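J.: Take this structure first; my questions come after.
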Amino acid sequence: MQETGNNIRKRLTIRIGRNSMSFSTMDTDCGVKYEPYTVKSGISMAANLREAFRNADLLAENFQRVQVMVDAPALMVPVDLFEEGNKEVLYQHAFPNRPGEAVLYNVLPDLSCVAVFSVNKDLKTVIDDHFGDVRFFCAASPVWRHLHQRSFTGVRNKLYGYFHDQELEIFSFNQNRFKYCNSFEVSHAHDALYFLLYVWKQLQLKPEHDEMHIAGDIPEKEWMLSELRRYLQRAYAINPTGEFNRAPVTQIKGIPYDLMTLYAKGR
């Protein structure tokens, strides 16, 4: 497929969630073009993407360069201990019930680690067959990098919770590395509250001194903040509009926080 016109230099972003898919790209006229795609239940994500190539507007623009954000469990390996030849063994040991997956990885030099993750092989084949230049990375990686830089602000320790795709990722940093990083399935706000406070206690953070910051698609946001503040003096919800200095991407309805961060701050 030959690429023509302005799309020679532009890169398409495909975000693959558990039950969601979207396409986006930078546009000189309107900032970011964002096209969510309605995923059909009962068929695979690869089959959904094949259908999207027939009816999604952005996919009709003949991009050749694409970056694919994958929401998948990630295994963090210290960069000095990582060996590419062992990535499948390590990942399958950590996440044994993911058959039919290709194991990939991203190096996160700012955090001195490698994020090992997976993508469905059929889905990867569909993407590789349609694009000449493909880059896969963890959907949360723009958030990790941005909030890592944010953690240097002030003198207090910070614990972060990022909500997306009915999942809660909790992480904290110690200088240039993760101090803690884990993810939890959360179908109810009460579950999320329990996990946040449990990790806070596990890390021995101080309720009268340290900070909790939550971001993303926060369930029952006001209730969550109220409950957190019953136990912690400093609990905050990150407002993307203020966080990213009123960047136009923050005004796009329904866009995930990680994709917003990607366009506002980079990968």
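Following the order of the structure tokens, first chain is A, next is B, and so on, with residues numbered from 1 inside each chain and ligands from 1 in the order they appear.
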With only C-alpha atoms counted and 10 Å as the cut-off, give the residues of segment 201-262 of chain A in contact with segment 179-186 of chain A, each with its shortest interatomic distance in Å and the pair that gives it, as a tab-separated table.
T.:
residue	atom	partner	partner_atom	distance
A:Gln202	CA	A:Tyr180	CA	10.0
A:Leu203	CA	A:Tyr180	CA	8.2
A:Pro219	CA	A:Val186	CA	9.3
J.: Would you save the residues from that selection as a short mmCIF file (atom, residue, chain, number, x, y, z; two decimals), in the first residue's frame, using N, CA and C atoms?
T.:
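And here is the file that came out, result.cif:
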data_model
loop_
_atom_site.label_atom_id
_atom_site.label_comp_id
_atom_site.auth_asym_id
_atom_site.auth_seq_id
_atom_site.Cartn_x
_atom_site.Cartn_y
_atom_site.Cartn_z
N GLN A 202 1.15 -0.93 52.49
CA GLN A 202 2.26 -1.84 52.17
C GLN A 202 3.56 -1.08 51.98
N LEU A 203 3.50 0.10 51.37
CA LEU A 203 4.69 0.91 51.13
C LEU A 203 5.07 1.78 52.33
N PRO A 219 -13.83 5.81 38.78
CA PRO A 219 -15.22 5.48 39.12
C PRO A 219 -15.66 6.24 40.37
#
J.: Could you give me the residues within segment 18-250 of chain A that DSSP places in strand (DSSP E), as a PyMOL selection string?
T.: chain A and resi 21-27+31-37+65-70+75-78+101-108+113-120+133-138+158-164+167-173+178-185+211-216+235-237
J.: To test your reading of the structure, identify every residue in segment 14-191 of chain A that backbone DSSP assigns to helix (DSSP H, G or I), and report it as a ChimeraX atom specification.
T.: /A:45-55,58-61,84-94,109-111,121-130,141-150,189-191
J.: Near segment 22-35 of chain A, counting only C-alpha atoms, which residues have an atom at most 6 Å away, once you skip same-chain residues fewer than 2 positions from it, shown as an mmCIF file with N, CA and C atoms, in the first residue's frame?
T.:
data_model
loop_
_atom_site.group_PDB
_atom_site.id
_atom_site.type_symbol
_atom_site.label_atom_id
_atom_site.label_comp_id
_atom_site.auth_asym_id
_atom_site.auth_seq_id
_atom_site.Cartn_x
_atom_site.Cartn_y
_atom_site.Cartn_z
ATOM 1 N N LEU A 12 -0.035 7.209 12.385
ATOM 2 C CA LEU A 12 -1.309 6.828 12.972
ATOM 3 C C LEU A 12 -1.057 6.154 14.319
ATOM 4 N N THR A 13 -1.921 6.409 15.278
ATOM 5 C CA THR A 13 -1.873 5.722 16.567
ATOM 6 C C THR A 13 -3.108 4.853 16.704
ATOM 7 N N ILE A 14 -2.892 3.567 16.935
ATOM 8 C CA ILE A 14 -3.977 2.630 17.221
ATOM 9 C C ILE A 14 -3.874 2.265 18.691
ATOM 10 N N ARG A 15 -4.952 2.485 19.436
ATOM 11 C CA ARG A 15 -4.975 2.072 20.839
ATOM 12 C C ARG A 15 -5.887 0.864 20.976
ATOM 13 N N TYR A 37 -13.648 3.442 17.915
ATOM 14 C CA TYR A 37 -14.293 2.430 17.089
ATOM 15 C C TYR A 37 -15.123 1.519 17.991
#
